[in-house]
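Shown next, in structure tokens, is the structure this report addresses.
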Amino acid sequence: MKRPIPGKHRPQPEVKLGDAQSIDMKYGLEPVIDPSVSADDGGEAGGMQFHLVECPYCGESFETSIDTNSGSAHYVEDCQICCQPIEFSVHVDHNGVLQSLSTLRSDQ
């Protein structure tokens with residue numbers, strides 16, 4: 001183990017630790033999703049929202065994230081319980097407010 005040299009200071013990092021976005025960009029990281037900061041079902045515009053959905057296969061409910069910044073979309077996501085593919089249909093208005101969210105079985 002190296003011992004510190006008395007009187008010699010370590011160089012300070014260039015990135016400010018409080019600036020999460022610059023850290024993500026510098027290291028090519030995905031942004032952290034903080035559910036306490038995101039919008040609820042209250043109709044707020046934009047951002048990541050978490051919604052409770054029911055699996056059309058097993059009937060179990062689970063929470064999933066919906067990104068309203070990307071607008072309306074159709075995509076497939078696996079059930080977090082039974083791993084079956086669920087077709088999600090997300091409708092977002094021009095202000096980024098979630099209008100509807102529906103789930104369908106992928107095999108029908």
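In the structure tokens, chains take the letters A, B, ... in the order shown, each chain's residues start at 1, and ligands count up from 1 in the order shown.
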Shell around segment 51-68 of chain A at 9 Å using only C-alpha atoms, local window under 6 positions removed, as a count of residues only: 21
Atomic separation - atom CA of Glu87 of chain A relative to atom CA of His74 of chain A, Å: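 So the two atoms, atom CA of His74 of chain A and atom CA of Glu87 of chain A, lie 7.0 Å apart.
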